[in-house]
Amino acid sequence: MATFSFSIHIPNTSFPSFPSPSKSVVSLPILHTLPHRNTLSLASSAAKHPHATSEHNASTSVTVETPPPGKNDNSTAFVIRARNRIGLLQIITRVFNVLGLRIDKATVDFEGDYFIKTFFVTDSRGNKIRDQKSLESIKMALIEALEDDDDDDAAISVAPPARGIMARKPRLEFGEGKGKAERMFGLMDVFLKNDPLTLQRDILDHVEFTVAKSRFSFDDFEAYQALAHCVRDRLIERWHDTQIHFSHKDPKRLYFLSLEFLMGRSLSNSLINLGIRDQFADALSQLGFEFEVLAEQEGDACLGNGGLARLSACQMDSLATLDYPAIGYGLRYQYGLFRQVILDGFQHEQPDYWLNFGNPWEIERIHITYTVKFYGTVTDEVLNGEKYKVWVPGEMVEAVAYDSPIPGYGTRNTIDLRLWAAKPSDQHDMEAYNTGDYVDAVVNRQRAESISSILYPDDRSYQGKELRLKQQYFFVSASVQDIIRRFKDKHRNFDEFPEKVALQLNDTHPSLAIAEVMRVLLDEEHLGREKAWDIICKIFSFTTHTVSPEALEKIPVDLMGSLLPRHLQIIYDINFHFVEELKKMIGLDYDRLARMSIVEEGAVKDFYELWPNKFHYKTNGVTQRRWIVVSNPSLCALISKWLGTDAWIRNIDLLIGLRNHATNAKLHQEWKMVKKVNKVRLAEYIETMSGLKVSLDAMFDVQTKRMHEYKRQLLNILGIIHRYDCIKNMNKNDRKKVVPRVCVIGGKAAPGYEMAKKIIKLCHVVAEKINKDNDIGDLLKLVFIPDYNVSVAELVIPGADLSQHLSTAGHEASGTSSMKYLMNGCLLLATEDGSTIEMIEEIGKENMFLFGAKVDEVGALREKGAALKVPLQFLRVVRMIRDGHFGHKDYFKSLCDKIEGGNDYFLLGADFAGYLEAQAAADKAFVDEERWTKMSILSAAGSGRFSSDRTIQDYAENTWGVKPCRCSS
């Protein structure tokens, strides 16, 4: 059984569990009579048990005592017991100051890791505080401040900022000034409202005060910006509550590290997950704006490339929806991958300036910055009689955090996607300025910022490899520092680290995190090697999204030694102990030892044979919130109507209920109408983009993927040429029997991938020939969609009748685009590869169009080489290209050479006859509307297994060991 996301992790061994500290969860306001955001417990466990001393069951307590007669008679004594940490005294005094109270005297005693501080306090007039309600309010405020230190980043320990910031807080007094306190906390004690008048007022306020435009004169884009900030306000509100809740509960958290997050647009998705889209649409309508028009003003966030990046985005949505305590980490690319521009049929890459007009969905955290080190030397240092390694860097840059709230659907939980931007180190800049070298300072700044400028720097040169490695380590180092800081805010004993931290590495890019955590544990936390490695083995899991060994990244040793000298030492040490352990298991089998060595590692198969328990197969998934609810609202409404509930949006297994209606004529009629509406949208987009008008009666046949030889877009184009050739040679009567097709291809080729670029050019020249041929008319059209992205996919996928997934068997680890099409009732024409294998189990072969060699047949076919017989139709269409039928004869020669004469590695010729048969079967089914519609309904009904909700739940239960932590409503 093949599939899909391929998870390799070191399973947790059993270890003693300790009860988590019971937290006092309180709401911010002082007044009990005001409506609270949350209904939460006000009593801490330590307050109930003031003499508790175990660090596992004690927490902050605040009690009020009466001073002995004659001593501080006019004061009220507040006794505070809490774990000692830097800055705690300032927090306590700040609370008293904010409340308008005066501290007459303070004493302190210590009890292990805890201190007991007694503050003798009076009101602003020097009188004892006697009112019981006021005393309880003060206690609540103290506990809130001491136990929160939230949002999760309030007590961050990082390099000091270059400039000091002084904040003045108002004094809120008791007694006569009590009304001020009531007013202050009362104003912030209810959630933002979502009635039309409030929403309109909030939008107009952002127009005037955020966008800085007159509320009497602003355009669609400015209205979008104000709208986005208005929605962001509501996200931040939930986000703060979620972070406070996580901090109080202190659950085990998942930290999801991915170099790519293809989030797409945020407006519609956020409003749907918040459950207030209709309210905003109504409010905008009354202001004279259309929600759909404003939504189109948003650009895509260019933080990823293809399926890997979109999978990360889907998983973040599911993590939030399922209430898991999680944080995503990535890079804030200034330019993203690239913008694909087609000129005369050739792909050109241009920077995608997606941040030129700002990003209202992110929050810059200028106070959250970590120093990342590069180059330098490693020296020895003795501490307490033990020798430790010290990395003395040759270059440092700063990682600045940018946070984007990710809301869940049907829950208050809103989690964090934290992205890092590279900035120059102030220390180096000041050195340059002090020597008058302004130009050098500017060059240093540009060199630092280049680290997070673009996704996947071209690594064909040494400089490119160095920049890519820098980028990966920068991302890893900042994330690991943030993770460990969060842990140390609550815990001091690293024995608890595996109980509180799960680190998921999404593909190979963040794999340096293993060496980085090891470095921190050894060199900074001074743990022994065995203990540090034991922790590493318990916290990490890794997912690979490819089954091709050549796709796994390799780093030249000299580059690693130069850029990250300490990490190279650690990797050598890990490898030494690993090989020694292997020798005990397999003996002196030096060939196998060499294959399994981390330095120039070999086949995965060798590892699997020794540790099959470490390999977990997961079926990937996509989120139905984005790919049905947002992108296909008509289908969403139809499904909810026929299922009698919209609960499937959170529990997609309910889609199976559509099978009960798969033959219902009324559903068929409504289902076809939804498809027609979506085809109209797609047809309009095609005409706007290319000027080409297409027939709505035609089958919309789509292949949208990253351009790659193994994905076989070339097979699709060869099939289109064959169809064109057949139609040209038909008489008029036979042409009347042809099923009209609109063939759509979209995808980007990597800048250095010449064969992929030639396939794009071939697509364009074939399209030009076909689309201008009057003999063909509406029977066949070919369209290439440039710069394919998430927003375009939201148009294409709902409008597609047929979707092609043609990878050579054995090359696709998963393939998530097919899942999106399946959810939308699109029929699949596919090889039995990747996720298609599981789709066969869910919807049956009879509801798909399958073809091609099986994975166990591929090797034998390749061995035949030039002796492999291919159909005459294949030879004919390749000859048409070779002979210049579509022009550019010399340019396409190398492309033809790759698929003829025994060079056809991806077996286009071997699979061509089966491909044509599958296309013919699709034609036959399409003209039978009843059969086609039933197959479409059954496809959507069987897509529940391919939701990212199920994927995440599988990971959480079987790999990460994290549990839901739902924030109360």
# chains A, B, ... in the order shown; residues from 1 in each chain; ligands from 1

$ residues_around --residues "segment 765-769 of chain A" --least-positions-apart "2" --cutoff "8 Å" --atoms "only C-alpha atoms" --output "ChimeraX atom specification"
/A:345,721,761-763,771-773,781-783,886-887

$ select_by_dssp --residues "segment 319-487 of chain A" --states "alpha helix (DSSP H)" --output "number ranges by chain"
A: 319-321, 426-434, 438-449, 462-487

$ select_by_dssp --residues "segment 366-546 of chain A" --states "strand (DSSP E or B)" --output "ChimeraX atom specification"
/A:366-374,377-383,386-392,395-407,414-424,454,501-506,540-544

$ residues_around --residues "segment 854-862 of chain A" --least-positions-apart "3" --cutoff "7 Å" --atoms "only C-alpha atoms" --output "MDAnalysis selection string"
chainID A and resid 809:810 832 865 905

$ residues_around --residues "segment 665-676 of chain A" --least-positions-apart "6" --cutoff "9 Å" --atoms "only C-alpha atoms" --output "ChimeraX atom specification"
/A:632,634-635,638,642,696,798-801,825,930,933-934,936-937

$ write_last_selection --atoms "all heavy atoms" --output "compact mmCIF listing (two decimals), in the first residue's frame"
# COMPACT_ATOMS: atom_id res chain seq x y z
N ASN A 632 -15.82 27.37 -3.13
CA ASN A 632 -17.00 26.87 -3.83
C ASN A 632 -18.25 27.02 -2.95
O ASN A 632 -18.85 26.04 -2.52
CB ASN A 632 -16.80 25.40 -4.21
CG ASN A 632 -17.71 24.95 -5.33
OD1 ASN A 632 -18.71 25.60 -5.63
ND2 ASN A 632 -17.39 23.82 -5.95
N SER A 634 -21.29 27.83 -3.53
CA SER A 634 -22.53 27.24 -4.05
C SER A 634 -22.60 25.76 -3.72
O SER A 634 -23.66 25.25 -3.30
CB SER A 634 -22.61 27.44 -5.57
OG SER A 634 -22.61 28.80 -5.91
N LEU A 635 -21.48 25.05 -3.90
CA LEU A 635 -21.45 23.63 -3.56
C LEU A 635 -21.59 23.44 -2.06
O LEU A 635 -22.26 22.51 -1.61
CB LEU A 635 -20.15 22.99 -4.06
CG LEU A 635 -20.01 21.49 -3.81
CD1 LEU A 635 -21.11 20.72 -4.53
CD2 LEU A 635 -18.63 20.98 -4.24
N LEU A 638 -25.17 23.66 -1.18
CA LEU A 638 -25.90 22.51 -1.69
C LEU A 638 -25.66 21.27 -0.82
O LEU A 638 -26.60 20.54 -0.49
CB LEU A 638 -25.48 22.23 -3.13
CG LEU A 638 -26.21 21.08 -3.84
CD1 LEU A 638 -27.70 21.38 -3.94
CD2 LEU A 638 -25.62 20.84 -5.23
N TRP A 642 -28.57 19.16 1.41
CA TRP A 642 -28.92 17.76 1.22
C TRP A 642 -28.51 16.88 2.41
O TRP A 642 -29.12 15.84 2.64
CB TRP A 642 -28.32 17.23 -0.08
CG TRP A 642 -29.15 17.67 -1.25
CD1 TRP A 642 -29.05 18.84 -1.94
CD2 TRP A 642 -30.24 16.96 -1.83
NE1 TRP A 642 -30.01 18.91 -2.92
CE2 TRP A 642 -30.76 17.76 -2.87
CE3 TRP A 642 -30.83 15.73 -1.58
CZ2 TRP A 642 -31.84 17.36 -3.66
CZ3 TRP A 642 -31.90 15.33 -2.37
CH2 TRP A 642 -32.40 16.14 -3.39
N LEU A 696 -19.10 26.65 -22.75
CA LEU A 696 -19.49 26.07 -21.46
C LEU A 696 -19.98 24.64 -21.61
O LEU A 696 -20.05 23.90 -20.62
CB LEU A 696 -20.58 26.92 -20.81
CG LEU A 696 -20.18 28.35 -20.43
CD1 LEU A 696 -21.37 29.09 -19.85
CD2 LEU A 696 -19.03 28.36 -19.43
N PRO A 798 -13.09 24.51 -8.69
CA PRO A 798 -14.54 24.30 -8.72
C PRO A 798 -15.11 24.21 -10.14
O PRO A 798 -16.16 23.59 -10.35
CB PRO A 798 -15.08 25.55 -8.01
CG PRO A 798 -13.96 26.03 -7.16
CD PRO A 798 -12.73 25.73 -7.95
N GLY A 799 -14.43 24.82 -11.12
CA GLY A 799 -14.95 24.81 -12.49
C GLY A 799 -14.49 23.65 -13.34
O GLY A 799 -14.92 23.50 -14.49
N ALA A 800 -13.64 22.78 -12.81
CA ALA A 800 -13.09 21.67 -13.59
C ALA A 800 -14.05 20.49 -13.62
O ALA A 800 -14.64 20.13 -12.61
CB ALA A 800 -11.75 21.23 -13.01
N ASP A 801 -14.21 19.89 -14.81
CA ASP A 801 -14.97 18.64 -14.94
C ASP A 801 -14.07 17.44 -14.73
O ASP A 801 -14.45 16.46 -14.08
CB ASP A 801 -15.60 18.55 -16.34
CG ASP A 801 -16.67 19.59 -16.56
OD1 ASP A 801 -17.62 19.64 -15.77
OD2 ASP A 801 -16.57 20.36 -17.54
N GLY A 825 -16.04 17.44 -6.49
CA GLY A 825 -16.83 16.63 -7.41
C GLY A 825 -16.25 16.54 -8.80
O GLY A 825 -16.96 16.23 -9.76
N GLU A 930 -26.30 11.64 -16.72
CA GLU A 930 -26.73 11.02 -15.46
C GLU A 930 -25.58 10.25 -14.82
O GLU A 930 -25.35 10.35 -13.60
CB GLU A 930 -27.92 10.09 -15.72
CG GLU A 930 -28.46 9.45 -14.45
CD GLU A 930 -29.66 8.56 -14.71
OE1 GLU A 930 -30.19 8.58 -15.85
OE2 GLU A 930 -30.07 7.84 -13.79
N THR A 933 -22.80 12.76 -13.56
CA THR A 933 -23.20 13.48 -12.35
C THR A 933 -23.16 12.57 -11.13
O THR A 933 -22.72 12.97 -10.04
CB THR A 933 -24.60 14.09 -12.51
OG1 THR A 933 -24.64 14.89 -13.69
CG2 THR A 933 -24.99 14.94 -11.31
N LYS A 934 -23.59 11.33 -11.30
CA LYS A 934 -23.51 10.38 -10.19
C LYS A 934 -22.07 10.15 -9.77
O LYS A 934 -21.75 10.13 -8.57
CB LYS A 934 -24.16 9.06 -10.60
CG LYS A 934 -24.11 7.98 -9.51
CD LYS A 934 -24.69 6.67 -9.98
CE LYS A 934 -24.55 5.58 -8.92
NZ LYS A 934 -25.06 4.27 -9.40
N SER A 936 -19.65 12.19 -10.11
CA SER A 936 -19.19 13.43 -9.48
C SER A 936 -19.64 13.50 -8.02
O SER A 936 -18.86 13.84 -7.12
CB SER A 936 -19.73 14.63 -10.26
OG SER A 936 -19.39 15.84 -9.62
N ILE A 937 -20.91 13.16 -7.77
CA ILE A 937 -21.44 13.18 -6.40
C ILE A 937 -20.69 12.16 -5.53
O ILE A 937 -20.31 12.45 -4.39
CB ILE A 937 -22.95 12.89 -6.40
CG1 ILE A 937 -23.70 14.03 -7.10
CG2 ILE A 937 -23.47 12.68 -4.99
CD1 ILE A 937 -25.16 13.72 -7.37

$ closest_residue --among "A:Asn97, A:Asn74, A:Ser214, A:Asn651" --to "Leu142 of chain A" --atoms "only C-alpha atoms"
A:Asn97

$ residues_around --residues "Lys423 of chain A" --least-positions-apart "4" --cutoff "9 Å" --atoms "only C-alpha atoms" --output "number ranges by chain"
A: 397-400, 445-446, 448-449, 451-452

$ closest_residue --among "A:Leu610, A:Ala281, A:Leu829, A:Ala145" --to "His248 of chain A" --atoms "only C-alpha atoms"
A:Ala145

$ residues_around --residues "His229 of chain A" --least-positions-apart "5" --cutoff "8 Å" --atoms "only C-alpha atoms" --output "number ranges by chain"
A: 206, 360-361

$ residues_around --residues "segment 254-269 of chain A" --least-positions-apart "5" --cutoff "8 Å" --atoms "only C-alpha atoms" --output "PyMOL selection string"
chain A and resi 228+231+277+295+298-306+308-313+324-331+361+472+475-476+479+483+501-507+509-510+625-626+630+789-791+960+962

$ write_last_selection --atoms "N, CA and C atoms" --output "short mmCIF file (atom, residue, chain, number, x, y, z; two decimals), in the first residue's frame"
data_model
loop_
_atom_site.label_atom_id
_atom_site.label_comp_id
_atom_site.auth_asym_id
_atom_site.auth_seq_id
_atom_site.Cartn_x
_atom_site.Cartn_y
_atom_site.Cartn_z
N ALA A 228 -9.76 44.67 6.22
CA ALA A 228 -8.81 43.67 6.71
C ALA A 228 -8.37 43.98 8.14
N VAL A 231 -11.17 43.08 10.52
CA VAL A 231 -11.21 41.64 10.77
C VAL A 231 -10.04 41.23 11.66
N ARG A 277 -18.92 36.18 8.17
CA ARG A 277 -18.82 36.68 6.80
C ARG A 277 -20.07 37.43 6.38
N ALA A 295 -12.76 41.68 -1.64
CA ALA A 295 -11.95 40.48 -1.44
C ALA A 295 -10.94 40.30 -2.57
N GLU A 298 -7.21 41.77 -2.42
CA GLU A 298 -6.13 41.13 -1.68
C GLU A 298 -5.25 40.30 -2.59
N GLY A 299 -3.95 40.43 -2.41
CA GLY A 299 -3.01 39.59 -3.14
C GLY A 299 -2.66 38.35 -2.35
N ASP A 300 -2.08 37.37 -3.05
CA ASP A 300 -1.65 36.14 -2.37
C ASP A 300 -0.37 36.38 -1.58
N ALA A 301 -0.30 35.80 -0.39
CA ALA A 301 0.93 35.82 0.38
C ALA A 301 1.91 34.83 -0.24
N CYS A 302 3.03 35.33 -0.75
CA CYS A 302 3.95 34.48 -1.52
C CYS A 302 5.00 33.85 -0.61
N LEU A 303 4.57 32.89 0.15
CA LEU A 303 5.45 32.27 1.14
C LEU A 303 5.73 30.81 0.83
N GLY A 304 5.48 30.39 -0.40
CA GLY A 304 5.72 29.00 -0.73
C GLY A 304 5.66 28.76 -2.21
N ASN A 305 5.76 27.48 -2.58
CA ASN A 305 5.85 27.09 -3.99
C ASN A 305 4.63 26.29 -4.41
N GLY A 306 4.56 25.03 -4.00
CA GLY A 306 3.51 24.15 -4.49
C GLY A 306 2.80 23.39 -3.40
N LEU A 308 3.71 21.21 -1.08
CA LEU A 308 4.27 21.22 0.27
C LEU A 308 3.81 22.45 1.04
N ALA A 309 3.85 23.61 0.38
CA ALA A 309 3.48 24.86 1.03
C ALA A 309 2.00 24.94 1.31
N ARG A 310 1.18 24.44 0.36
CA ARG A 310 -0.26 24.50 0.58
C ARG A 310 -0.67 23.48 1.66
N LEU A 311 0.04 22.36 1.71
CA LEU A 311 -0.22 21.38 2.76
C LEU A 311 0.04 21.99 4.14
N SER A 312 1.13 22.75 4.26
CA SER A 312 1.43 23.41 5.53
C SER A 312 0.30 24.34 5.94
N ALA A 313 -0.22 25.09 4.97
CA ALA A 313 -1.31 26.02 5.27
C ALA A 313 -2.56 25.27 5.72
N TYR A 324 -5.67 22.20 18.82
CA TYR A 324 -4.37 21.75 19.29
C TYR A 324 -3.48 22.96 19.61
N PRO A 325 -2.74 22.91 20.71
CA PRO A 325 -1.82 24.01 21.05
C PRO A 325 -0.60 23.94 20.15
N ALA A 326 -0.54 24.80 19.17
CA ALA A 326 0.50 24.69 18.14
C ALA A 326 0.94 26.07 17.69
N ILE A 327 2.16 26.13 17.20
CA ILE A 327 2.71 27.34 16.59
C ILE A 327 3.43 26.92 15.31
N GLY A 328 3.21 27.65 14.24
CA GLY A 328 3.93 27.42 13.00
C GLY A 328 5.09 28.39 12.89
N TYR A 329 6.21 27.91 12.38
CA TYR A 329 7.38 28.77 12.17
C TYR A 329 7.81 28.70 10.71
N GLY A 330 8.14 29.86 10.16
CA GLY A 330 8.62 29.90 8.78
C GLY A 330 9.41 31.17 8.56
N LEU A 331 9.63 31.52 7.28
CA LEU A 331 10.37 32.73 6.91
C LEU A 331 9.43 33.72 6.23
N TRP A 361 -2.43 41.50 7.62
CA TRP A 361 -2.70 40.31 8.43
C TRP A 361 -1.57 39.96 9.37
N GLN A 472 18.32 28.45 5.73
CA GLN A 472 17.75 27.34 6.50
C GLN A 472 18.18 27.41 7.96
N PHE A 475 16.43 30.37 9.87
CA PHE A 475 15.06 30.00 10.22
C PHE A 475 15.02 29.04 11.41
N VAL A 476 15.91 28.06 11.39
CA VAL A 476 15.96 27.05 12.45
C VAL A 476 16.42 27.67 13.77
N SER A 479 13.80 29.93 15.41
CA SER A 479 12.67 29.14 15.90
C SER A 479 13.03 28.36 17.15
N ILE A 483 11.38 28.59 20.85
CA ILE A 483 10.79 27.40 21.49
C ILE A 483 11.37 27.18 22.88
N VAL A 501 7.12 19.64 24.64
CA VAL A 501 7.55 20.08 23.31
C VAL A 501 7.53 18.93 22.32
N ALA A 502 6.87 19.16 21.18
CA ALA A 502 6.97 18.27 20.02
C ALA A 502 7.37 19.12 18.83
N LEU A 503 8.44 18.71 18.14
CA LEU A 503 8.96 19.47 17.01
C LEU A 503 8.73 18.69 15.73
N GLN A 504 7.93 19.26 14.82
CA GLN A 504 7.65 18.62 13.54
C GLN A 504 8.45 19.32 12.44
N LEU A 505 9.30 18.59 11.75
CA LEU A 505 10.09 19.11 10.65
C LEU A 505 9.39 18.77 9.34
N ASN A 506 8.91 19.78 8.66
CA ASN A 506 8.17 19.57 7.42
C ASN A 506 9.14 19.55 6.26
N ASP A 507 9.55 18.37 5.84
CA ASP A 507 10.54 18.14 4.78
C ASP A 507 11.95 18.39 5.31
N HIS A 509 14.17 20.78 4.82
CA HIS A 509 14.72 22.12 4.98
C HIS A 509 15.03 22.49 6.44
N PRO A 510 14.18 22.13 7.41
CA PRO A 510 14.50 22.48 8.80
C PRO A 510 15.28 21.40 9.56
N ARG A 625 -12.45 23.70 4.58
CA ARG A 625 -12.85 25.09 4.76
C ARG A 625 -12.37 25.94 3.59
N ARG A 626 -11.14 25.77 3.18
CA ARG A 626 -10.61 26.55 2.06
C ARG A 626 -11.15 26.04 0.73
N VAL A 630 -14.78 28.18 1.15
CA VAL A 630 -14.31 29.46 0.61
C VAL A 630 -14.36 29.48 -0.91
N ASN A 789 -1.58 30.24 -8.75
CA ASN A 789 -1.44 30.37 -7.31
C ASN A 789 -2.74 29.95 -6.62
N VAL A 790 -2.81 30.14 -5.31
CA VAL A 790 -3.96 29.67 -4.54
C VAL A 790 -5.24 30.35 -5.00
N SER A 791 -5.18 31.66 -5.21
CA SER A 791 -6.38 32.39 -5.60
C SER A 791 -6.91 31.93 -6.95
N TRP A 960 2.89 13.02 17.69
CA TRP A 960 3.30 14.14 18.53
C TRP A 960 2.95 13.95 20.00
N VAL A 962 0.24 15.26 21.41
CA VAL A 962 -0.39 16.48 21.90
C VAL A 962 -1.90 16.29 21.95
#

$ closest_residue --among "A:Tyr891, A:Ala920, A:Lys679, A:Ile881" --to "Phe849 of chain A" --atoms "only C-alpha atoms"
A:Ala920

$ closest_residue --among "A:Val622, A:Val629, A:Ala223, A:Ile649" --to "Gly307 of chain A" --atoms "only C-alpha atoms"
A:Val622

$ atom_distance --atom1 "atom CA of Arg659 of chain A" --atom2 "atom CA of Leu322 of chain A"
26.2 Å
